[in-house]
>>> print(open('coords.cif').read())   # mmCIF, C-alpha atoms
data_data
#
loop_
_atom_site.label_atom_id
_atom_site.label_comp_id
_atom_site.auth_asym_id
_atom_site.auth_seq_id
_atom_site.Cartn_x
_atom_site.Cartn_y
_atom_site.Cartn_z
CA MET A 3 5.47 -16.44 -5.32
CA SER A 4 4.99 -13.23 -3.54
CA LEU A 5 2.66 -10.38 -2.83
CA GLY A 6 2.00 -7.38 -5.00
CA LEU A 7 -0.14 -4.27 -5.21
CA GLY A 8 -3.13 -4.29 -7.53
CA TYR A 9 -6.64 -3.03 -8.04
CA TRP A 10 -10.03 -4.51 -8.68
CA ASN A 11 -13.40 -3.15 -9.68
CA LEU A 12 -15.98 -2.60 -6.97
CA VAL A 13 -19.73 -2.76 -7.48
CA GLN A 14 -21.51 -0.74 -4.81
CA GLU A 15 -24.75 -2.01 -3.29
CA GLY A 16 -26.31 0.31 -0.73
CA VAL A 17 -24.79 2.68 1.81
CA MET A 18 -21.02 2.64 2.26
CA GLN A 19 -20.87 1.33 5.83
CA ASN A 20 -20.15 -2.12 7.30
CA LYS A 21 -18.84 -3.54 4.06
CA ALA A 22 -18.14 -7.16 3.26
CA VAL A 23 -16.16 -7.79 0.09
CA GLY A 24 -15.78 -11.22 -1.49
CA PHE A 25 -13.26 -12.29 -4.09
CA GLU A 26 -11.72 -15.50 -5.36
CA GLU A 27 -8.10 -15.70 -6.45
CA VAL A 28 -7.49 -18.38 -9.05
CA GLY A 29 -4.14 -17.22 -10.37
CA ALA A 30 -0.58 -17.10 -9.14
CA VAL A 31 0.51 -14.67 -6.47
CA ASN A 32 3.23 -12.44 -7.91
CA GLN A 33 6.34 -11.05 -6.26
CA CYS A 34 6.59 -8.07 -3.95
CA CYS A 35 7.03 -7.52 -0.24
CA ASP A 36 4.62 -4.68 0.28
CA GLY A 37 1.01 -4.62 -0.77
CA ILE A 38 -1.29 -7.33 -2.06
CA GLN A 39 -2.48 -8.16 -5.54
CA PHE A 40 -5.25 -10.62 -6.32
CA CYS A 41 -4.82 -11.22 -10.00
CA LEU A 42 -5.91 -13.32 -12.96
CA GLU A 43 -9.66 -13.37 -13.11
CA PRO A 44 -10.93 -13.14 -9.54
CA ALA A 45 -14.60 -14.17 -9.51
CA LEU A 46 -17.54 -12.98 -7.45
CA ALA A 47 -18.12 -15.02 -4.35
CA SER A 48 -21.42 -16.83 -4.22
CA GLY A 49 -23.95 -14.94 -2.14
CA ALA A 50 -25.40 -18.28 -1.05
CA MET A 51 -22.18 -19.12 0.77
CA TRP A 52 -22.37 -16.24 3.23
CA SER A 53 -24.29 -13.10 4.08
CA ALA A 54 -22.97 -9.71 5.11
CA ASP A 55 -24.45 -10.11 8.59
CA GLU A 56 -22.75 -13.50 9.01
CA ILE A 57 -19.39 -12.01 8.12
CA ALA A 58 -19.93 -8.98 10.36
CA GLU A 59 -21.01 -11.11 13.33
CA LEU A 60 -18.02 -13.43 12.86
CA CYS A 61 -15.62 -10.46 12.85
CA TYR A 62 -17.24 -8.76 15.84
CA ARG A 63 -17.22 -12.02 17.81
CA HIS A 64 -13.54 -12.51 16.98
CA TYR A 65 -12.84 -8.97 18.20
CA ARG A 66 -14.71 -9.58 21.46
CA THR A 67 -13.37 -13.03 22.27
CA ARG A 68 -9.96 -13.42 20.63
CA LEU A 69 -8.48 -9.97 21.17
CA PRO A 70 -7.47 -8.95 24.70
CA LYS A 71 -8.32 -5.62 26.30
CA GLN A 72 -4.90 -4.26 25.40
CA GLY A 73 -5.19 -1.81 22.52
CA LYS A 74 -8.98 -1.55 22.63
CA PRO A 75 -10.56 1.87 23.24
CA ASP A 76 -11.87 3.07 26.58
CA PRO A 77 -15.63 3.07 25.81
CA ASN A 78 -16.12 6.05 28.10
CA ARG A 79 -14.14 8.36 25.85
CA GLU A 80 -12.59 6.56 22.86
CA TRP A 81 -13.64 4.91 19.60
CA THR A 82 -11.92 3.02 16.80
CA SER A 83 -12.48 1.33 13.43
CA LEU A 84 -12.25 -2.37 12.62
CA ALA A 85 -11.29 -4.28 9.46
CA ALA A 86 -10.69 -7.97 8.84
CA VAL A 87 -10.14 -10.65 6.21
CA VAL A 88 -12.22 -13.83 6.43
CA LYS A 89 -11.31 -17.09 4.74
CA VAL A 90 -14.30 -18.94 3.30
CA GLU A 91 -13.79 -22.56 2.28
CA SER A 92 -16.43 -24.61 0.51
CA SER A 93 -16.61 -28.30 -0.19
CA THR A 94 -14.27 -29.53 -2.91
CA GLN A 95 -15.70 -30.70 -6.23
CA ARG A 96 -15.04 -34.30 -5.18
CA GLU A 97 -16.95 -33.79 -1.91
CA VAL A 98 -19.87 -32.17 -3.73
CA LEU A 99 -20.09 -35.07 -6.17
CA ALA A 100 -19.97 -37.54 -3.29
CA SER A 101 -22.73 -35.72 -1.40
CA PRO A 102 -24.89 -33.65 -3.79
CA GLY A 103 -26.91 -30.88 -2.18
CA ASN A 104 -24.77 -30.87 0.96
CA LEU A 105 -22.44 -27.89 0.47
CA GLN A 106 -20.29 -27.44 3.56
CA VAL A 107 -18.87 -23.96 4.14
CA THR A 108 -16.39 -22.93 6.83
CA LYS A 109 -15.59 -19.30 7.69
CA GLU A 110 -12.55 -18.17 9.66
CA VAL A 111 -11.04 -14.77 10.46
CA VAL A 112 -7.40 -14.91 9.32
CA ALA A 113 -6.42 -11.26 9.75
CA MET A 114 -7.78 -8.32 11.73
CA GLY A 115 -6.83 -4.71 12.34
CA THR A 116 -8.06 -1.75 14.34
CA GLY A 117 -6.87 1.84 14.24
CA THR A 118 -7.61 5.39 13.14
CA LYS A 119 -4.28 7.18 12.86
CA CYS A 120 -1.17 7.67 10.75
CA ILE A 121 2.16 9.31 11.50
CA GLY A 122 3.30 12.63 10.08
CA GLN A 123 5.95 12.87 7.40
CA ASN A 124 8.45 14.22 9.93
CA LYS A 125 8.24 10.91 11.81
CA MET A 126 8.95 8.68 8.81
CA ARG A 127 12.12 6.57 9.05
CA LYS A 128 14.49 5.23 6.41
CA THR A 129 14.90 1.96 8.32
CA GLY A 130 11.40 0.62 7.57
CA ASP A 131 10.78 -0.07 11.25
CA ILE A 132 7.76 2.20 11.80
CA LEU A 133 4.15 1.85 10.68
CA ASN A 134 3.36 4.89 8.54
CA ASP A 135 -0.36 4.16 8.36
CA SER A 136 -2.29 2.57 11.23
CA HIS A 137 -5.82 2.92 9.90
CA ALA A 138 -7.81 -0.28 10.40
CA GLU A 139 -7.95 -1.32 6.73
CA ILE A 140 -4.18 -0.92 6.33
CA VAL A 141 -3.43 -2.80 9.55
CA ALA A 142 -5.75 -5.60 8.41
CA LYS A 143 -4.11 -5.65 4.98
CA ARG A 144 -0.61 -5.94 6.42
CA SER A 145 -1.83 -8.56 8.93
CA PHE A 146 -3.18 -10.48 5.93
CA GLN A 147 0.24 -10.23 4.26
CA ARG A 148 1.76 -11.83 7.33
CA TYR A 149 -0.79 -14.64 7.14
CA LEU A 150 -0.12 -15.16 3.42
CA LEU A 151 3.63 -15.36 3.96
CA HIS A 152 3.10 -18.06 6.58
CA GLN A 153 0.79 -19.94 4.21
CA MET A 154 3.40 -19.63 1.46
CA TRP A 155 5.98 -21.14 3.81
CA LEU A 156 3.61 -24.06 4.47
CA ALA A 157 3.19 -24.56 0.72
CA ALA A 158 6.94 -24.41 0.07
CA SER A 159 7.36 -26.99 2.85
CA HIS A 160 4.89 -29.27 1.01
CA GLN A 161 2.30 -29.14 3.79
CA GLN A 162 -1.21 -29.82 2.56
CA CYS A 163 -2.77 -27.52 5.14
CA SER A 164 -1.64 -24.49 3.11
CA ILE A 165 -4.17 -22.44 1.15
CA PHE A 166 -1.79 -22.53 -1.83
CA ILE A 167 -1.10 -25.20 -4.44
CA PRO A 168 1.55 -25.14 -7.21
CA GLY A 169 0.79 -22.91 -10.18
CA THR A 170 1.58 -23.51 -13.84
CA GLU A 171 4.95 -21.72 -13.70
CA THR A 172 7.99 -22.58 -11.61
CA GLY A 173 7.97 -20.67 -8.35
CA LYS A 174 4.39 -19.49 -8.75
CA TRP A 175 1.48 -20.54 -6.56
CA LYS A 176 -2.28 -20.23 -6.68
CA LEU A 177 -5.12 -20.52 -4.21
CA LYS A 178 -6.96 -23.77 -3.81
CA PRO A 179 -10.08 -23.55 -6.00
CA ASN A 180 -12.50 -23.95 -3.07
CA THR A 181 -11.06 -21.00 -1.13
CA ILE A 182 -12.14 -17.36 -1.27
CA PHE A 183 -11.50 -14.37 0.99
CA VAL A 184 -13.92 -11.75 2.22
CA PHE A 185 -12.73 -8.30 3.30
CA PHE A 186 -14.81 -6.62 5.99
CA SER A 187 -14.65 -3.07 7.29
CA SER A 188 -16.81 -1.52 9.99
CA HIS A 189 -16.70 1.76 8.06
CA THR A 190 -15.45 3.14 4.77
CA PRO A 191 -11.69 3.82 4.58
CA CYS A 192 -10.50 7.36 5.16
CA GLY A 193 -9.70 9.82 2.40
CA ASP A 194 -10.91 9.80 -1.20
CA ALA A 195 -11.82 6.10 -1.04
CA SER A 196 -15.02 7.25 0.68
CA ILE A 197 -16.00 9.71 -2.06
CA ILE A 198 -18.78 8.30 -4.24
CA PRO A 199 -19.49 10.06 -7.57
CA ILE A 200 -23.16 11.12 -7.46
CA SER A 201 -23.32 11.09 -11.27
CA GLU A 202 -23.24 7.29 -11.34
CA PRO A 203 -26.32 5.13 -10.60
CA GLU A 204 -26.52 4.53 -6.85
CA ASN A 205 -26.62 0.75 -7.23
CA GLN A 206 -23.77 0.55 -9.76
CA LEU A 207 -20.86 2.59 -8.48
CA SER A 208 -17.41 1.36 -9.34
CA LYS A 209 -13.78 2.24 -8.74
CA PRO A 210 -10.38 0.57 -8.54
CA VAL A 211 -9.04 0.02 -5.04
CA THR A 212 -5.51 0.15 -3.72
CA GLY A 213 -4.01 -0.32 -0.30
CA ASP A 214 -0.38 0.84 -0.20
CA ASP A 215 1.07 2.81 2.72
CA ALA A 216 1.64 6.55 2.66
CA ALA A 217 2.31 9.07 5.39
CA GLY A 218 -0.87 11.07 5.77
CA GLN A 219 -3.91 10.49 3.59
CA SER A 220 -2.78 9.44 0.12
CA GLU A 221 -4.76 10.24 -2.98
CA ARG A 222 -7.12 7.34 -3.62
CA ARG A 223 -9.27 8.96 -6.28
CA SER A 224 -9.90 6.77 -9.31
CA ASN A 225 -12.52 5.76 -11.85
CA ARG A 226 -12.73 3.15 -14.59
CA ASP A 227 -13.23 5.93 -17.15
CA HIS A 228 -9.51 6.68 -16.82
CA LEU A 229 -8.56 3.16 -17.94
CA GLY A 230 -7.73 2.22 -21.51
CA PRO A 231 -9.84 -0.34 -23.45
CA GLU A 232 -7.58 -3.27 -22.60
CA ASP A 233 -7.39 -2.34 -18.92
CA LYS A 234 -11.16 -1.85 -18.79
CA ARG A 235 -11.60 -5.34 -20.20
CA LYS A 236 -9.30 -6.74 -17.52
CA SER A 237 -11.01 -4.79 -14.75
CA GLU A 238 -14.36 -6.25 -15.81
CA LYS A 239 -12.93 -9.67 -14.93
CA THR A 240 -11.94 -8.51 -11.46
CA GLU A 241 -15.23 -7.32 -10.02
CA VAL A 242 -15.75 -7.53 -6.30
CA LYS A 243 -19.18 -7.57 -4.74
CA LEU A 244 -19.92 -5.09 -1.96
CA LEU A 245 -22.59 -5.93 0.60
CA GLN A 246 -23.82 -3.99 3.60
CA SER A 247 -24.46 -5.36 7.09
CA ASP A 248 -26.96 -3.84 9.51
CA LEU A 249 -24.89 -4.92 12.52
CA ARG A 250 -22.99 -2.22 14.38
CA PHE A 251 -19.46 -2.33 15.69
CA GLU A 252 -19.59 -1.83 19.48
CA HIS A 253 -16.60 0.54 19.55
CA SER A 254 -17.46 2.61 16.48
CA ARG A 255 -17.67 6.38 16.81
CA GLN A 256 -21.43 6.35 16.33
CA ALA A 257 -21.98 3.61 18.91
CA ILE A 258 -19.85 5.36 21.55
CA GLN A 259 -21.53 8.70 20.86
CA GLU A 260 -24.97 7.23 21.44
CA VAL A 261 -23.91 5.61 24.72
CA GLN A 262 -22.23 8.81 25.91
CA THR A 263 -24.99 11.19 24.80
CA ASN A 264 -25.26 12.90 28.17
CA SER A 265 -21.55 12.85 28.94
CA LYS A 266 -19.49 16.03 28.82
CA THR A 267 -16.33 14.04 28.14
CA LYS A 268 -14.83 14.74 24.71
CA LEU A 269 -14.71 11.63 22.54
CA VAL A 270 -11.37 10.95 20.83
CA PRO A 271 -10.04 8.23 18.50
CA CYS A 272 -8.11 5.47 20.24
CA SER A 273 -4.37 6.03 19.97
CA ALA A 274 -3.55 2.31 19.73
CA ALA A 275 -3.83 -0.04 16.76
CA ILE A 276 -4.27 -3.81 16.99
CA SER A 277 -2.94 -6.30 14.47
CA TRP A 278 -3.94 -9.96 14.61
CA SER A 279 -2.88 -12.68 12.16
CA ALA A 280 -3.66 -16.39 12.04
CA VAL A 281 -0.03 -17.41 12.51
CA PRO A 282 1.45 -19.72 15.16
CA GLU A 283 3.97 -17.27 16.66
CA GLN A 284 2.94 -13.98 18.26
CA PRO A 285 -0.33 -13.50 16.37
CA LEU A 286 -1.16 -10.33 18.34
CA ASP A 287 0.65 -7.02 17.78
CA VAL A 288 -0.42 -3.77 19.49
CA THR A 289 1.15 -0.48 18.40
CA SER A 290 0.95 3.23 19.14
CA ASP A 291 2.55 6.02 17.08
CA GLY A 292 3.94 3.40 14.69
CA PHE A 293 5.83 1.34 17.27
CA ARG A 294 4.89 -1.44 19.65
CA GLN A 295 2.80 -0.10 22.48
CA GLY A 296 4.92 0.84 25.50
CA THR A 297 8.02 1.71 23.49
CA THR A 298 9.97 4.56 25.08
CA LYS A 299 11.96 7.12 23.09
CA LYS A 300 15.14 5.43 24.26
CA ARG A 301 14.00 2.07 22.84
CA ILE A 302 12.99 3.39 19.40
CA GLY A 303 15.14 1.67 16.79
CA SER A 304 15.54 -1.52 18.78
CA HIS A 305 14.21 -4.82 17.51
CA GLN A 306 11.78 -4.93 20.42
CA SER A 307 10.15 -1.67 19.29
CA ARG A 308 9.12 -3.02 15.88
CA SER A 309 5.64 -4.07 14.92
CA LYS A 310 5.40 -7.51 13.32
CA ILE A 311 3.75 -5.88 10.30
CA CYS A 312 6.15 -2.98 9.68
CA LYS A 313 7.97 -3.02 6.34
CA VAL A 314 11.30 -4.33 7.59
CA GLU A 315 9.74 -7.16 9.61
CA LEU A 316 7.60 -8.35 6.69
CA PHE A 317 10.66 -8.01 4.44
CA HIS A 318 12.76 -10.21 6.72
CA THR A 319 9.96 -12.78 6.86
CA PHE A 320 9.90 -12.76 3.06
CA GLN A 321 13.70 -13.18 2.88
CA LYS A 322 13.57 -16.17 5.22
CA LEU A 323 10.93 -17.71 2.98
CA VAL A 324 13.09 -17.18 -0.13
CA THR A 325 16.21 -18.67 1.47
CA SER A 326 14.24 -21.75 2.54
CA ILE A 327 13.49 -22.59 -1.11
CA SER A 328 16.04 -24.10 -3.49
CA GLN A 329 17.19 -21.95 -6.42
CA GLU A 330 15.57 -24.18 -9.05
CA ASP A 331 12.19 -23.79 -7.35
CA LEU A 332 12.28 -19.98 -7.23
CA PRO A 333 10.55 -17.79 -9.84
CA ASP A 334 12.74 -16.17 -12.51
CA SER A 335 12.56 -12.80 -10.73
CA LEU A 336 14.42 -14.25 -7.73
CA ARG A 337 16.65 -16.91 -9.28
CA MET A 338 20.44 -16.40 -9.36
CA LYS A 339 20.25 -12.69 -8.60
CA THR A 340 22.01 -10.50 -6.08
CA LEU A 341 19.21 -8.70 -4.28
CA GLU A 342 19.94 -6.93 -1.02
CA THR A 343 17.61 -4.07 -0.14
CA TYR A 344 13.84 -3.84 0.12
CA TRP A 345 13.95 -1.65 -3.00
CA ASP A 346 15.97 -4.27 -4.91
CA TYR A 347 13.32 -6.91 -4.32
CA LYS A 348 10.50 -4.58 -5.31
CA GLU A 349 12.29 -3.58 -8.52
CA ALA A 350 12.94 -7.24 -9.36
CA ALA A 351 9.19 -7.83 -9.50
CA LEU A 352 8.87 -6.64 -13.11
CA ASN A 353 5.23 -7.65 -13.65
CA TYR A 354 4.22 -5.85 -10.47
CA GLN A 355 6.17 -2.72 -11.36
CA GLU A 356 4.67 -2.56 -14.84
CA ALA A 357 1.11 -3.01 -13.52
CA TRP A 358 1.67 -0.36 -10.86
CA LYS A 359 3.10 2.05 -13.46
CA VAL A 360 0.05 1.63 -15.70
CA LEU A 361 -2.33 2.09 -12.78
CA ARG A 362 -0.65 5.30 -11.64
CA SER A 363 -0.51 6.74 -15.15
CA GLN A 364 -4.11 5.96 -16.07
CA ALA A 365 -6.14 5.95 -12.87
CA LEU A 366 -4.16 7.31 -9.91
CA LEU A 367 -2.57 10.44 -11.33
CA GLY A 368 -2.47 12.16 -7.96
CA TRP A 369 -1.07 9.23 -5.96
CA VAL A 370 1.40 10.42 -3.34
CA LYS A 371 4.68 8.48 -3.63
CA ASN A 372 7.17 8.23 -0.82
CA ALA A 373 10.78 9.00 -1.70
CA THR A 374 12.83 5.91 -2.58
CA GLU A 375 15.27 6.79 0.20
CA TYR A 376 12.70 5.26 2.57
CA LEU A 377 12.97 1.90 0.77
CA HIS A 378 16.71 1.22 0.74
CA PHE A 379 16.86 -0.70 4.00
CA THR A 380 17.97 -4.30 4.51
#
>>> encode(input="coords.cif", output="structure tokens")
Amino acid sequence: MSLGLGYWNLVQEGVMQNKAVGFEEVGAVNQCCDGIQFCLEPALASGAMWSADEIAELCYRHYRTRLPKQGKPDPNREWTSLAAVVKVESSTQREVLASPGNLQVTKEVVAMGTGTKCIGQNKMRKTGDILNDSHAEIVAKRSFQRYLLHQMWLAASHQQCSIFIPGTETGKWKLKPNTIFVFFSSHTPCGDASIIPISEPENQLSKPVTGDDAAGQSERRSNRDHLGPEDKRKSEKTEVKLLQSDLRFEHSRQAIQEVQTNSKTKLVPCSAAISWSAVPEQPLDVTSDGFRQGTTKKRIGSHQSRSKICKVELFHTFQKLVTSISQEDLPDSLRMKTLETYWDYKEAALNYQEAWKVLRSQALLGWVKNATEYLHFT
């Protein structure tokens, strides 16, 4: 019933800019408090349901109309990157049978992030109350976690408006079959995730993808050739379609450079990061240097300085969710166990830990791991 880190195969189509990624989760969501795993045979989203330009326009409109000026770059001298997750819901099978040929599709931004920076290792904290990585794709990923935790709470409260329905095992949940999610990024992520092997056909590039935090740019180099036969077979079931949009983000580096062609002002990345989640309480969260924007040195460490998507805040949200569920309705990994720290809960997620171990050993040999001392907070 929780969130875990995973990878899925990407099929590249065209230039790596303004990407829209579609996937469908039809399995249970497994336990962890940091990272996201979409597991058990995700399927390609139907291209007929949405286009890359539709997704891009929806995200850019959300950025313009739903996000305030706070945290956005000064277009005279600053730029930023944008990433988002869009929920796409189609008519249920019953509705399709009742009205053949009339497929209704609704699209909604459920998580969004902006940002271009990460903190240095010397600024990392053992209390889990700082954002190590504030690049747009990571902010959007963590904002999506916050949305998923709220949706899990709705499901555990037996509210039909949740995206989740009971799975086949006690304490496990799965997405409703008519729901998929599309990940959008105004530009490729930083680091090795943007390196495309030129030896592979241009229209058939593939690599596993991960999204865990690390101070600085973590190694994200991977290739399916590193996977064993069984893992290759599984990765073939988890393909994600990449599409390119021709629409441009108004605050991208390229867009600002073109507008400021004749200006002598040096362009710099925006120091702030914006997190937005489709949750009822405080959906907006603006940070700078890993803490809520406006935090003074004296206030660092206070509850008011924390971002809603930092590790400790997401962990506490997860704990509240667990305590709201009766013991008999919890998954085996959480039932009748004494778990206290963030690390305890991560270690209790045995399936997640095993999958992550295999991935690191076979595909992400150079992955930078943070010391466990940064995970022993409560």
>>> residues_around(input="coords.cif", residues="range 154-162 of chain A", least_positions_apart="2", cutoff="10 Å", atoms="all atoms listed in the file", output="MDAnalysis selection string")
chainID A and resid 3:4 31 148:152 164:168 173 175:176 319:320 322:324 326:328 331
>>> atom_distance(input="coords.cif", atom1="CA of His137 in chain A", atom2="CA of Ser254 in chain A")
13.4 Å
>>> atom_distance(input="coords.cif", atom1="CA of Ser304 in chain A", atom2="CA of Lys119 in chain A")
22.4 Å
>>> resolve_selection(input="coords.cif", expression="the PyMOL selection byres ((chain A and resi 258-264) around 8)", output="list in words")
Pro77, Asn78, Arg79, Glu80, Trp81, Glu252, His253, Ser254, Arg255, Gln256, Ala257, Ser265, Lys266 and Leu269 of chain A
>>> closest_residue(input="coords.cif", among="A:Thr82, A:Thr67, A:Asn353, A:Asn180", to="Met51 in chain A", atoms="all atoms listed in the file")
A:Asn180
>>> residues_around(input="coords.cif", residues="Leu84 in chain A", least_positions_apart="6", cutoff="9 Å", atoms="all atoms listed in the file", output="list of chain:residue names")
A:Cys61, A:Tyr62, A:Tyr65, A:Met114, A:Gly115, A:Thr116, A:Gly117, A:His137, A:Ala138, A:Glu139, A:Ala142, A:Phe186, A:Ser187, A:Ser188, A:His189, A:Phe251, A:His253, A:Ser254
>>> closest_residue(input="coords.cif", among="A:His64, A:Lys125, A:Lys71, A:Arg362", to="Phe293 in chain A", atoms="all atoms listed in the file")
A:Lys125
>>> residues_near_point(input="coords.cif", point="(12.4, -2.6, -4.3)", cutoff="10 Å", atoms="only C-alpha atoms", output="PDB file with C-alpha atoms, keeping the file's coordinate frame")
ATOM      1  CA  CYS A  34       6.590  -8.070  -3.950  1.00  0.00           C
ATOM      2  CA  CYS A  35       7.030  -7.520  -0.240  1.00  0.00           C
ATOM      3  CA  ASP A  36       4.620  -4.680   0.280  1.00  0.00           C
ATOM      4  CA  LEU A 341      19.210  -8.700  -4.280  1.00  0.00           C
ATOM      5  CA  GLU A 342      19.940  -6.930  -1.020  1.00  0.00           C
ATOM      6  CA  THR A 343      17.610  -4.070  -0.140  1.00  0.00           C
ATOM      7  CA  TYR A 344      13.840  -3.840   0.120  1.00  0.00           C
ATOM      8  CA  TRP A 345      13.950  -1.650  -3.000  1.00  0.00           C
ATOM      9  CA  ASP A 346      15.970  -4.270  -4.910  1.00  0.00           C
ATOM     10  CA  TYR A 347      13.320  -6.910  -4.320  1.00  0.00           C
ATOM     11  CA  LYS A 348      10.500  -4.580  -5.310  1.00  0.00           C
ATOM     12  CA  GLU A 349      12.290  -3.580  -8.520  1.00  0.00           C
ATOM     13  CA  ALA A 350      12.940  -7.240  -9.360  1.00  0.00           C
ATOM     14  CA  ALA A 351       9.190  -7.830  -9.500  1.00  0.00           C
ATOM     15  CA  GLN A 355       6.170  -2.720 -11.360  1.00  0.00           C
ATOM     16  CA  THR A 374      12.830   5.910  -2.580  1.00  0.00           C
ATOM     17  CA  LEU A 377      12.970   1.900   0.770  1.00  0.00           C
ATOM     18  CA  HIS A 378      16.710   1.220   0.740  1.00  0.00           C
ATOM     19  CA  PHE A 379      16.860  -0.700   4.000  1.00  0.00           C
TER      20      PHE A 379
END
>>> atom_distance(input="coords.cif", atom1="CA of Glu91 in chain A", atom2="CA of Gln284 in chain A")
24.7 Å
>>> residues_around(input="coords.cif", residues="Ser136 in chain A", least_positions_apart="2", cutoff="10 Å", atoms="all atoms listed in the file", output="PyMOL selection string")
chain A and resi 115-121+133-134+138-142+144+215+217+273-277+289-292
